[in-house]
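> query.cif is the file, holding mmCIF, C-alpha atoms:
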data_run
loop_
_atom_site.label_atom_id
_atom_site.label_comp_id
_atom_site.auth_asym_id
_atom_site.auth_seq_id
_atom_site.Cartn_x
_atom_site.Cartn_y
_atom_site.Cartn_z
CA MET A 1 8.14 82.65 -104.30
CA GLU A 2 6.46 86.01 -104.16
CA GLY A 3 7.63 86.78 -107.69
CA GLU A 4 5.73 83.78 -109.01
CA CYS A 5 2.53 84.82 -107.29
CA ARG A 6 2.28 88.39 -108.55
CA ALA A 7 2.62 89.75 -112.01
CA PRO A 8 0.94 92.40 -114.14
CA GLN A 9 -2.08 91.05 -115.93
CA ALA A 10 -2.82 91.94 -119.51
CA ARG A 11 -6.42 92.03 -120.63
CA SER A 12 -5.85 90.57 -124.07
CA SER A 13 -3.22 89.15 -126.37
CA GLY A 14 -1.71 89.66 -129.76
CA LEU A 15 1.92 90.58 -130.25
CA PRO A 16 3.17 91.30 -133.74
CA ALA A 17 3.91 88.08 -135.50
CA GLY A 18 7.25 88.18 -137.17
CA GLY A 19 10.87 87.22 -136.97
CA GLY A 20 14.32 87.99 -138.05
CA GLY A 21 17.38 88.90 -136.11
CA GLY A 22 18.40 88.00 -132.60
CA GLU A 23 19.66 90.96 -130.66
CA SER A 24 19.16 91.12 -126.92
CA PRO A 25 16.75 93.71 -125.53
CA GLY A 26 18.13 97.06 -124.55
CA GLY A 27 17.12 100.66 -124.09
CA ASP A 28 16.10 102.85 -121.20
CA ALA A 29 12.37 102.21 -121.06
CA PRO A 30 10.17 99.30 -120.07
CA LEU A 31 9.69 96.76 -122.83
CA PRO A 32 6.03 95.81 -123.09
CA GLY A 33 5.32 92.26 -124.03
CA SER A 34 1.87 92.31 -125.50
CA SER A 35 -0.76 94.25 -127.36
CA GLY A 36 -4.44 93.94 -126.64
CA SER A 37 -7.70 94.00 -128.52
CA SER A 38 -8.92 97.54 -127.85
CA ALA A 39 -7.17 99.98 -130.18
CA LEU A 40 -8.09 101.00 -133.71
CA LEU A 41 -5.03 100.33 -135.81
CA GLN A 42 -5.22 98.84 -139.28
CA ALA A 43 -2.52 96.28 -140.10
CA GLU A 44 -1.05 94.38 -143.00
CA VAL A 45 1.33 91.47 -143.16
CA LEU A 46 4.42 91.92 -145.30
CA ASP A 47 6.09 88.67 -146.34
CA LEU A 48 9.86 88.94 -146.41
CA ASP A 49 12.57 86.30 -146.58
CA GLU A 50 11.17 83.03 -145.22
CA ASP A 51 14.59 82.17 -143.82
CA GLU A 52 14.23 85.02 -141.35
CA ASP A 53 12.43 82.88 -138.72
CA ASP A 54 9.12 83.04 -140.57
CA LEU A 55 9.45 86.80 -140.83
CA GLU A 56 5.99 88.20 -141.24
CA VAL A 57 5.41 91.71 -139.96
CA PHE A 58 2.74 94.33 -139.86
CA SER A 59 2.51 97.78 -141.31
CA LYS A 60 -0.26 100.21 -140.46
CA ASP A 61 -2.62 102.19 -142.69
CA ALA A 62 -3.94 99.12 -144.49
CA SER A 63 -7.19 97.30 -143.88
CA LEU A 64 -6.33 93.79 -145.01
CA MET A 65 -3.20 91.72 -144.64
CA ASP A 66 -1.69 89.11 -146.89
CA MET A 67 -4.22 86.38 -146.32
CA ASN A 68 -1.68 83.58 -146.73
CA SER A 69 0.06 84.42 -143.48
CA PHE A 70 -2.72 83.09 -141.27
CA SER A 71 -4.95 81.14 -143.64
CA PRO A 72 -6.31 81.36 -147.19
CA VAL A 73 -8.94 83.88 -146.16
CA MET A 74 -7.88 85.28 -142.82
CA PRO A 75 -8.04 89.10 -142.77
CA THR A 76 -6.47 91.17 -140.07
CA SER A 77 -7.99 93.67 -137.74
CA PRO A 78 -7.25 96.61 -135.49
CA LEU A 79 -8.62 94.48 -132.68
CA SER A 80 -5.43 92.50 -132.27
CA MET A 81 -1.80 92.01 -133.26
CA ILE A 82 -0.64 95.62 -133.16
CA ASN A 83 -2.50 97.99 -130.96
CA GLN A 84 -2.95 98.85 -127.31
CA VAL A 85 -2.74 96.91 -124.08
CA LYS A 86 -3.90 97.91 -120.65
CA PHE A 87 -2.08 96.30 -117.75
CA GLU A 88 -4.33 95.96 -114.75
CA ASP A 89 -3.11 95.04 -111.29
CA GLU A 90 -6.63 95.80 -110.10
CA PRO A 91 -9.85 95.54 -112.14
CA ASP A 92 -10.74 99.21 -111.79
CA LEU A 93 -7.19 100.55 -112.01
CA LYS A 94 -6.05 101.44 -115.53
CA ASP A 95 -2.92 103.53 -115.29
CA LEU A 96 -0.47 101.83 -117.67
CA PHE A 97 -1.12 102.07 -121.42
CA ILE A 98 1.16 100.56 -124.06
CA THR A 99 0.86 101.01 -127.80
CA VAL A 100 2.80 98.96 -130.37
CA ASP A 101 2.72 100.41 -133.89
CA GLU A 102 4.67 101.92 -136.79
CA PRO A 103 6.72 98.93 -137.97
CA GLU A 104 9.82 99.88 -139.96
CA SER A 105 11.89 97.65 -142.23
CA HIS A 106 15.66 97.68 -141.82
CA VAL A 107 17.93 96.22 -144.49
CA THR A 108 21.63 95.63 -143.85
CA THR A 109 24.28 93.62 -145.64
CA ILE A 110 23.77 90.85 -143.10
CA GLU A 111 20.05 90.74 -142.40
CA THR A 112 16.62 92.22 -142.95
CA PHE A 113 14.47 92.87 -139.91
CA ILE A 114 11.55 94.92 -138.62
CA THR A 115 11.36 97.20 -135.62
CA TYR A 116 8.22 98.46 -133.90
CA ARG A 117 7.57 101.68 -132.05
CA ILE A 118 6.52 101.14 -128.44
CA ILE A 119 4.92 103.97 -126.50
CA THR A 120 4.29 103.56 -122.77
CA LYS A 121 2.15 106.09 -120.89
CA THR A 122 1.62 105.81 -117.16
CA SER A 123 0.66 107.75 -114.07
CA ARG A 124 2.48 105.38 -111.73
CA GLY A 125 4.93 107.06 -109.41
CA GLU A 126 7.62 104.36 -109.61
CA PHE A 127 8.51 105.43 -113.17
CA ASP A 128 10.90 108.32 -113.83
CA SER A 129 8.70 109.72 -116.57
CA SER A 130 5.04 109.57 -117.56
CA GLU A 131 5.83 108.58 -121.14
CA PHE A 132 8.47 106.43 -122.84
CA GLU A 133 9.09 105.71 -126.50
CA VAL A 134 11.49 103.09 -127.86
CA ARG A 135 11.82 100.84 -130.88
CA ARG A 136 12.16 97.07 -130.54
CA ARG A 137 12.39 94.15 -132.94
CA TYR A 138 10.62 90.80 -132.91
CA GLN A 139 13.35 88.94 -131.06
CA ASP A 140 13.02 91.43 -128.21
CA PHE A 141 9.36 90.53 -127.78
CA LEU A 142 10.26 86.86 -127.94
CA TRP A 143 12.97 87.33 -125.31
CA LEU A 144 10.51 89.12 -123.02
CA LYS A 145 7.89 86.40 -123.35
CA GLU A 146 10.42 83.69 -122.55
CA ARG A 147 11.61 85.58 -119.46
CA LEU A 148 8.02 86.11 -118.29
CA GLU A 149 7.22 82.42 -118.70
CA GLU A 150 10.34 81.49 -116.75
CA ALA A 151 9.45 83.84 -113.91
CA HIS A 152 5.69 83.12 -113.95
CA PRO A 153 5.20 79.64 -115.46
CA THR A 154 1.49 79.39 -114.67
CA LEU A 155 0.35 82.90 -115.46
CA ILE A 156 -1.59 83.28 -118.70
CA ILE A 157 0.82 85.46 -120.63
CA PRO A 158 -0.55 86.93 -123.91
CA GLU A 159 0.23 84.83 -127.00
CA LEU A 160 3.28 85.47 -129.18
CA SER A 161 3.39 83.26 -132.22
CA SER A 162 5.23 83.11 -135.53
CA HIS A 163 2.59 82.31 -138.09
CA LYS A 164 3.83 79.86 -140.70
CA LYS A 165 2.32 79.83 -144.15
CA GLN A 166 1.87 76.07 -143.89
CA GLY A 167 1.28 73.75 -140.98
CA PRO A 168 3.98 71.56 -139.44
CA GLY A 169 5.35 68.75 -141.57
CA LEU A 170 4.83 65.05 -140.98
CA LEU A 171 8.04 64.56 -138.98
CA SER A 172 7.22 67.57 -136.82
CA ARG A 173 3.71 66.27 -136.10
CA MET A 174 5.12 62.82 -135.28
CA GLY A 175 7.61 64.40 -132.90
CA GLN A 176 4.85 66.34 -131.15
CA THR A 177 2.81 63.13 -130.78
CA VAL A 178 5.74 61.20 -129.31
CA ARG A 179 6.47 63.99 -126.85
CA SER A 180 2.81 64.13 -125.82
CA VAL A 181 2.68 60.38 -125.19
CA ALA A 182 5.94 60.49 -123.21
CA LEU A 183 4.65 63.36 -121.11
CA SER A 184 1.41 61.55 -120.35
CA MET A 185 3.32 58.44 -119.27
CA ARG A 186 5.58 60.27 -116.87
CA GLY A 187 3.10 62.98 -115.94
CA VAL A 188 1.60 63.81 -112.57
CA LYS A 189 0.10 60.92 -110.65
CA SER A 190 -2.79 62.80 -109.11
CA ARG A 191 -3.69 66.08 -110.76
CA PRO A 192 -6.14 68.01 -108.54
CA GLU A 193 -9.75 67.82 -109.70
CA GLU A 194 -10.00 71.54 -110.40
CA PHE A 195 -7.07 71.32 -112.81
CA MET A 196 -8.55 68.24 -114.45
CA GLU A 197 -11.69 70.30 -115.12
CA MET A 198 -9.55 73.16 -116.36
CA ASN A 199 -7.67 70.90 -118.74
CA ASN A 200 -10.92 69.40 -120.07
CA PHE A 201 -12.30 72.88 -120.61
CA ILE A 202 -9.21 73.88 -122.59
CA GLU A 203 -9.44 70.80 -124.82
CA ILE A 204 -13.12 71.36 -125.59
CA PHE A 205 -12.62 75.10 -126.02
CA SER A 206 -9.73 74.49 -128.41
CA GLN A 207 -11.83 72.20 -130.58
CA LYS A 208 -14.77 74.59 -130.71
CA ILE A 209 -12.81 77.79 -131.27
CA ASN A 210 -10.80 76.16 -134.06
CA LEU A 211 -14.04 75.04 -135.71
CA ILE A 212 -15.53 78.52 -135.36
CA ASP A 213 -12.36 79.97 -136.83
CA LYS A 214 -12.58 77.73 -139.91
CA ILE A 215 -16.30 78.41 -140.41
CA SER A 216 -15.83 82.17 -140.00
CA GLN A 217 -13.04 82.20 -142.55
CA ARG A 218 -15.17 80.22 -144.99
CA ILE A 219 -18.06 82.66 -144.52
CA TYR A 220 -15.73 85.57 -145.18
CA LYS A 221 -14.43 83.91 -148.34
CA GLU A 222 -17.97 83.28 -149.61
CA GLU A 223 -18.99 86.84 -148.77
CA ARG A 224 -16.00 88.12 -150.72
CA GLU A 225 -16.94 86.01 -153.75
CA TYR A 226 -20.56 87.20 -153.52
CA PHE A 227 -19.45 90.83 -153.29
CA ASP A 228 -17.08 90.53 -156.26
CA GLU A 229 -19.86 89.03 -158.36
CA MET A 230 -22.55 91.47 -157.25
CA LYS A 231 -20.52 94.60 -158.00
CA GLU A 232 -20.32 93.54 -161.66
CA TYR A 233 -24.09 93.70 -162.09
CA GLY A 234 -24.38 97.48 -161.71
CA PRO A 235 -22.27 98.34 -164.79
CA ILE A 236 -24.03 95.57 -166.73
CA HIS A 237 -27.44 97.14 -166.09
CA ILE A 238 -26.11 100.57 -167.05
CA LEU A 239 -24.88 99.19 -170.38
CA TRP A 240 -28.17 97.38 -170.82
CA SER A 241 -30.14 100.59 -170.31
CA ALA A 242 -28.33 102.17 -173.26
CA SER A 243 -29.90 99.65 -175.62
CA GLU A 244 -33.39 99.57 -174.06
CA GLU A 245 -34.90 103.03 -174.30
CA ASP A 246 -38.25 102.03 -172.76
CA LEU A 247 -36.55 100.31 -169.82
CA ALA A 248 -33.68 102.74 -169.37
CA ASP A 249 -34.96 104.39 -166.18
CA THR A 250 -35.88 101.05 -164.61
CA LEU A 251 -32.53 99.47 -165.43
CA LYS A 252 -30.66 102.49 -164.10
CA GLY A 253 -32.75 102.25 -160.94
CA VAL A 254 -31.78 98.59 -160.56
CA ALA A 255 -28.12 99.52 -161.06
CA SER A 256 -28.43 102.18 -158.36
CA CYS A 257 -29.95 99.66 -155.92
CA ILE A 258 -27.20 97.16 -156.63
CA ASP A 259 -24.58 99.83 -156.02
CA ARG A 260 -26.09 100.71 -152.64
CA CYS A 261 -26.29 97.04 -151.67
CA CYS A 262 -22.65 96.60 -152.67
CA LYS A 263 -21.65 99.41 -150.33
CA ALA A 264 -23.69 97.89 -147.49
CA THR A 265 -22.17 94.46 -148.14
CA GLU A 266 -18.66 95.91 -148.21
CA LYS A 267 -19.28 97.61 -144.88
CA ARG A 268 -20.61 94.35 -143.44
CA MET A 269 -17.53 92.49 -144.68
CA SER A 270 -15.33 95.12 -143.11
CA GLY A 271 -17.09 94.52 -139.80
CA LEU A 272 -16.55 90.79 -140.17
CA SER A 273 -12.85 91.22 -140.89
CA GLU A 274 -12.27 93.79 -138.15
CA ALA A 275 -14.62 92.74 -135.35
CA LEU A 276 -15.06 88.98 -135.48
CA LEU A 277 -12.31 87.09 -137.33
CA PRO A 278 -9.35 88.55 -135.42
CA VAL A 279 -10.99 87.94 -132.04
CA VAL A 280 -11.77 84.33 -132.92
CA HIS A 281 -8.27 83.74 -134.26
CA GLU A 282 -6.74 85.40 -131.24
CA TYR A 283 -8.47 82.87 -129.00
CA VAL A 284 -7.28 80.06 -131.24
CA LEU A 285 -3.78 81.20 -130.31
CA TYR A 286 -4.84 81.50 -126.68
CA SER A 287 -6.02 77.87 -126.66
CA GLU A 288 -2.56 76.76 -127.77
CA MET A 289 -0.91 78.91 -125.15
CA LEU A 290 -3.18 77.60 -122.38
CA MET A 291 -2.08 74.07 -123.16
CA GLY A 292 1.49 75.20 -122.58
CA VAL A 293 0.52 76.76 -119.24
CA MET A 294 -1.11 73.52 -118.08
CA LYS A 295 1.95 71.56 -119.21
CA ARG A 296 4.26 73.80 -117.15
CA ARG A 297 2.01 73.42 -114.10
CA ASP A 298 2.06 69.64 -114.46
CA GLN A 299 5.84 69.64 -114.83
CA ILE A 300 6.21 71.46 -111.51
CA GLN A 301 3.92 68.97 -109.77
CA ALA A 302 5.61 66.01 -111.49
CA GLU A 303 8.96 67.19 -110.11
CA LEU A 304 7.46 67.30 -106.64
CA ASP A 305 5.93 63.82 -107.06
CA SER A 306 9.27 62.37 -108.12
CA LYS A 307 11.01 63.82 -105.05
CA VAL A 308 8.31 62.47 -102.74
CA GLU A 309 8.63 59.05 -104.36
CA ALA A 310 12.41 59.13 -103.95
CA LEU A 311 12.01 60.06 -100.28
CA THR A 312 9.52 57.26 -99.73
CA SER A 313 11.88 54.70 -101.24
CA LYS A 314 14.88 56.33 -99.53
CA LYS A 315 16.92 56.36 -102.71
CA ALA A 316 18.78 59.56 -101.77
CA ASP A 317 19.82 61.76 -98.88
CA THR A 318 16.59 62.14 -96.88
CA ASP A 319 17.56 65.48 -95.33
CA LEU A 320 18.34 66.99 -98.72
CA LEU A 321 15.17 65.55 -100.24
CA THR A 322 13.05 66.87 -97.37
CA GLU A 323 14.42 70.36 -97.94
CA GLU A 324 13.84 70.13 -101.70
CA ILE A 325 10.33 68.81 -101.20
CA GLY A 326 9.50 71.73 -98.92
CA LYS A 327 10.62 74.20 -101.57
CA LEU A 328 8.75 72.37 -104.31
CA GLU A 329 5.57 72.25 -102.23
CA ASP A 330 5.74 76.03 -101.90
CA LYS A 331 6.40 76.34 -105.63
CA VAL A 332 3.47 74.10 -106.53
CA GLU A 333 1.11 75.98 -104.22
CA CYS A 334 2.19 79.33 -105.58
CA ALA A 335 1.91 78.11 -109.19
CA ASN A 336 -1.56 76.70 -108.54
CA ASN A 337 -2.80 79.88 -106.88
CA ALA A 338 -1.42 82.04 -109.69
CA LEU A 339 -3.08 79.89 -112.35
CA LYS A 340 -6.43 79.78 -110.57
CA ALA A 341 -6.52 83.55 -110.16
CA ASP A 342 -5.41 84.22 -113.73
CA TRP A 343 -7.76 81.55 -115.09
CA GLU A 344 -10.88 83.27 -113.77
CA ARG A 345 -9.73 86.61 -115.17
CA TRP A 346 -9.00 85.05 -118.56
CA LYS A 347 -12.34 83.23 -118.74
CA GLN A 348 -14.25 86.41 -117.96
CA ASN A 349 -12.34 88.38 -120.59
CA MET A 350 -12.78 85.59 -123.13
CA GLN A 351 -16.53 85.44 -122.59
CA ASN A 352 -16.84 89.22 -122.84
CA ASP A 353 -14.67 89.45 -125.97
CA ILE A 354 -16.40 86.65 -127.87
CA LYS A 355 -19.89 87.78 -126.84
CA SER A 356 -19.11 91.35 -127.87
CA ALA A 357 -17.63 90.25 -131.20
CA PHE A 358 -20.62 88.10 -132.16
CA THR A 359 -23.13 90.68 -130.90
CA ASP A 360 -21.48 93.46 -132.88
CA MET A 361 -21.37 91.25 -135.96
CA ALA A 362 -25.06 90.35 -135.61
CA GLU A 363 -26.04 93.99 -135.24
CA GLU A 364 -23.97 94.91 -138.28
CA ASN A 365 -25.62 92.16 -140.32
CA ILE A 366 -29.10 93.30 -139.30
CA HIS A 367 -28.28 96.90 -140.18
CA SER A 368 -26.85 95.86 -143.55
CA TYR A 369 -29.88 93.74 -144.46
CA GLU A 370 -32.25 96.51 -143.38
CA GLN A 371 -30.40 98.96 -145.62
CA CYS A 372 -30.63 96.63 -148.62
CA LEU A 373 -34.29 95.86 -147.94
CA ALA A 374 -35.16 99.55 -147.63
CA THR A 375 -33.30 100.28 -150.88
CA TRP A 376 -35.23 97.69 -152.88
CA GLU A 377 -38.57 98.50 -151.24
CA SER A 378 -38.12 102.16 -152.11
CA PHE A 379 -37.28 101.25 -155.70
CA LEU A 380 -40.24 98.88 -156.06
CA THR A 381 -42.59 101.45 -154.54
CA SER A 382 -41.43 104.10 -157.00
CA GLN A 383 -41.86 101.67 -159.88
CA THR A 384 -45.34 100.72 -158.74
CA ASP A 385 -46.37 104.36 -158.44
CA LEU A 386 -44.95 105.03 -161.90
CA HIS A 387 -46.91 102.17 -163.45
CA LEU A 388 -50.13 103.26 -161.73
CA GLU A 389 -49.62 106.80 -163.00
CA GLU A 390 -49.04 105.51 -166.55
CA ALA A 391 -52.12 103.30 -166.33
CA SER A 392 -54.21 106.24 -165.15
CA GLU A 393 -52.99 108.35 -168.03
CA ASP A 394 -53.83 105.62 -170.53
CA LYS A 395 -57.41 105.40 -169.22
CA SER A 396 -57.76 109.13 -169.55
#
Produce structure tokens that represent the structure in this file.

Amino acid sequence: MEGECRAPQARSSGLPAGGGGGESPGGDAPLPGSSGSSALLQAEVLDLDEDEDDLEVFSKDASLMDMNSFSPVMPTSPLSMINQVKFEDEPDLKDLFITVDEPESHVTTIETFITYRIITKTSRGEFDSSEFEVRRRYQDFLWLKERLEEAHPTLIIPELSSHKKQGPGLLSRMGQTVRSVALSMRGVKSRPEEFMEMNNFIEIFSQKINLIDKISQRIYKEEREYFDEMKEYGPIHILWSASEEDLADTLKGVASCIDRCCKATEKRMSGLSEALLPVVHEYVLYSEMLMGVMKRRDQIQAELDSKVEALTSKKADTDLLTEEIGKLEDKVECANNALKADWERWKQNMQNDIKSAFTDMAEENIHSYEQCLATWESFLTSQTDLHLEEASEDKS
């Protein structure tokens, strides 16, 4: 029971999305199971054979990933997917740092797969060394997540998801609907009020964060189209100035202003792709994972309810049922306590992450607009002064 009540808590989520291969974990160092939203690592998705369990992996040193892997316009970011996680047993104690980076492609006669470098640095005395470095593949991360969920079914374990290029098919969606209906029919009879509120929060949060994700992606797409169009105007004005001797200086000045605005817009787009979109999309994944956590909690309580009902109707050995019920009551209590504690931590982190992402984006937008405004005001002022000087000379 104690094992279900305590577990390391990760501040944020985002394991490398990918697939391929199925070896069991090994090695002589701890295998971290997540990567957070605090490091500065650029990433790019490389699409390999689709038969390799939706194999989509990341390489560093690139600013944008293949947009088709998440959505038509979804860029990646150093804020999530491959970077750094800080495990915190206590809020003010940060003594275990894990970095996931440097993906490498491996091609054999049988399969193609990707491995990632994992560096663990710690000052904890229970480890034999202060630093470990190993390489692991996607299936190892998947194995770890499954084991963590088995051991801690109601802890909010950072999301690990294979991102498909297209959504689930009709049959898959129908199957999910049937399973959901069946679960609701045989679900818990009396879910505690606090978990009802939690479940309602997750449903509303999921709807809103998915809507924000779609809107943010659309904004990014429109910004990209605007940028691509605007950067063509500079060269056009330069060419125009060659055929208009009297307007040459003015047209070149306009071209210079456009060029500066293009740079400001590009920087603003970079902030959008690196600071906002990945955070929003990460919490889209979190909303899906939270639904799974609530489902596992309900399953534990439903098992207890069924045993209590069997004992009430005396359909089985009462002594054996009484013993099983006692164990399940302990399990339900432990699961509930773990979820409540982890829920508050997750909500606080979520609020901080989203607030920070939108605040940073707003500040970047303001700075970008101020730069463009100052550029054009300076140009217009210089043009006005030039015209006044020419008018004064004409009067003379």
> Using Å and a single decimal, report how far atom CA of Glu303 of chain A sits from atom CA of Pro153 of chain A.
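Taking atom CA of Pro153 of chain A and atom CA of Glu303 of chain A, their separation equals 14.1 Å.
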> Quick one, how far is atom CA of Leu272 of chain A from atom CA of Glu364 of chain A?
8.7 Å
> With all atoms listed in the file as the atoms that count, which of A:Glu232, A:Glu197, A:Glu133, A:Glu111 lies nearest to Lys340 of chain A?
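For Lys340 of chain A, the nearest of the candidates is A:Glu197.
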> Nearest to Met361 of chain A among A:Leu328, A:Ile110, A:Leu276, A:Ile215, with distances taken over all atoms listed in the file: which residue is it?
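Residue with the minimum atom-to-atom distance to Met361 of chain A: A:Leu276.
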> Skipping near chain neighbours, those fewer than 3 positions away, what residues fall within 12 Å of segment 319-326 of chain A using all atoms listed in the file, listed as a PyMOL selection string?
chain A and resi 300-316+329-333
> Between atom CA of Phe97 of chain A and atom CA of Thr122 of chain A, what is the spacing in Å?
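One can read the atom CA of Thr122 of chain A to atom CA of Phe97 of chain A distance as 6.3 Å.
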> Can you tell me which residues surround segment 292-295 of chain A at a distance of at most 12 Å, considering only C-alpha atoms, apart from same-chain residues fewer than 5 positions away, and format the answer as number ranges by chain?
A: 149-150, 152-159, 179-180, 183-184, 187-188, 191, 194-203, 285-287, 300-302, 335-336, 338-340, 342-343
> Assuming the input is short of atoms at segment 226-238 of chain A, produce N, CA, C and O atoms for that part as a compact mmCIF listing (two decimals), keeping the file's coordinate frame.

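The resulting result21.txt:
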# COMPACT_ATOMS: atom_id res chain seq x y z
N TYR A 226 -19.25 86.62 -153.24
CA TYR A 226 -20.56 87.20 -153.52
C TYR A 226 -20.45 88.68 -153.84
O TYR A 226 -21.06 89.18 -154.78
N PHE A 227 -19.64 89.39 -153.06
CA PHE A 227 -19.45 90.83 -153.29
C PHE A 227 -18.80 91.10 -154.64
O PHE A 227 -19.24 91.99 -155.38
N ASP A 228 -17.76 90.33 -154.97
CA ASP A 228 -17.08 90.53 -156.26
C ASP A 228 -18.02 90.29 -157.43
O ASP A 228 -17.94 90.97 -158.47
N GLU A 229 -18.91 89.31 -157.28
CA GLU A 229 -19.86 89.03 -158.36
C GLU A 229 -20.95 90.10 -158.43
O GLU A 229 -21.32 90.55 -159.52
N MET A 230 -21.46 90.51 -157.27
CA MET A 230 -22.55 91.47 -157.25
C MET A 230 -22.15 92.83 -157.81
O MET A 230 -22.93 93.50 -158.51
N LYS A 231 -20.92 93.26 -157.55
CA LYS A 231 -20.52 94.60 -158.00
C LYS A 231 -20.35 94.68 -159.51
O LYS A 231 -20.20 95.78 -160.05
N GLU A 232 -20.38 93.53 -160.20
CA GLU A 232 -20.32 93.54 -161.66
C GLU A 232 -21.69 93.80 -162.29
O GLU A 232 -21.77 94.20 -163.46
N TYR A 233 -22.76 93.57 -161.52
CA TYR A 233 -24.09 93.70 -162.09
C TYR A 233 -24.50 95.15 -162.34
O TYR A 233 -25.27 95.43 -163.26
N GLY A 234 -24.03 96.07 -161.52
CA GLY A 234 -24.38 97.48 -161.71
C GLY A 234 -23.98 97.99 -163.08
O GLY A 234 -24.83 98.49 -163.85
N PRO A 235 -22.70 97.89 -163.46
CA PRO A 235 -22.27 98.34 -164.79
C PRO A 235 -23.00 97.61 -165.92
O PRO A 235 -23.27 98.20 -166.97
N ILE A 236 -23.32 96.33 -165.70
CA ILE A 236 -24.03 95.57 -166.73
C ILE A 236 -25.41 96.18 -166.98
O ILE A 236 -25.84 96.34 -168.13
N HIS A 237 -26.12 96.54 -165.93
CA HIS A 237 -27.44 97.14 -166.09
C HIS A 237 -27.35 98.53 -166.72
O HIS A 237 -28.26 98.93 -167.46
N ILE A 238 -26.29 99.26 -166.42
CA ILE A 238 -26.11 100.57 -167.05
C ILE A 238 -25.92 100.40 -168.56
O ILE A 238 -26.52 101.13 -169.37
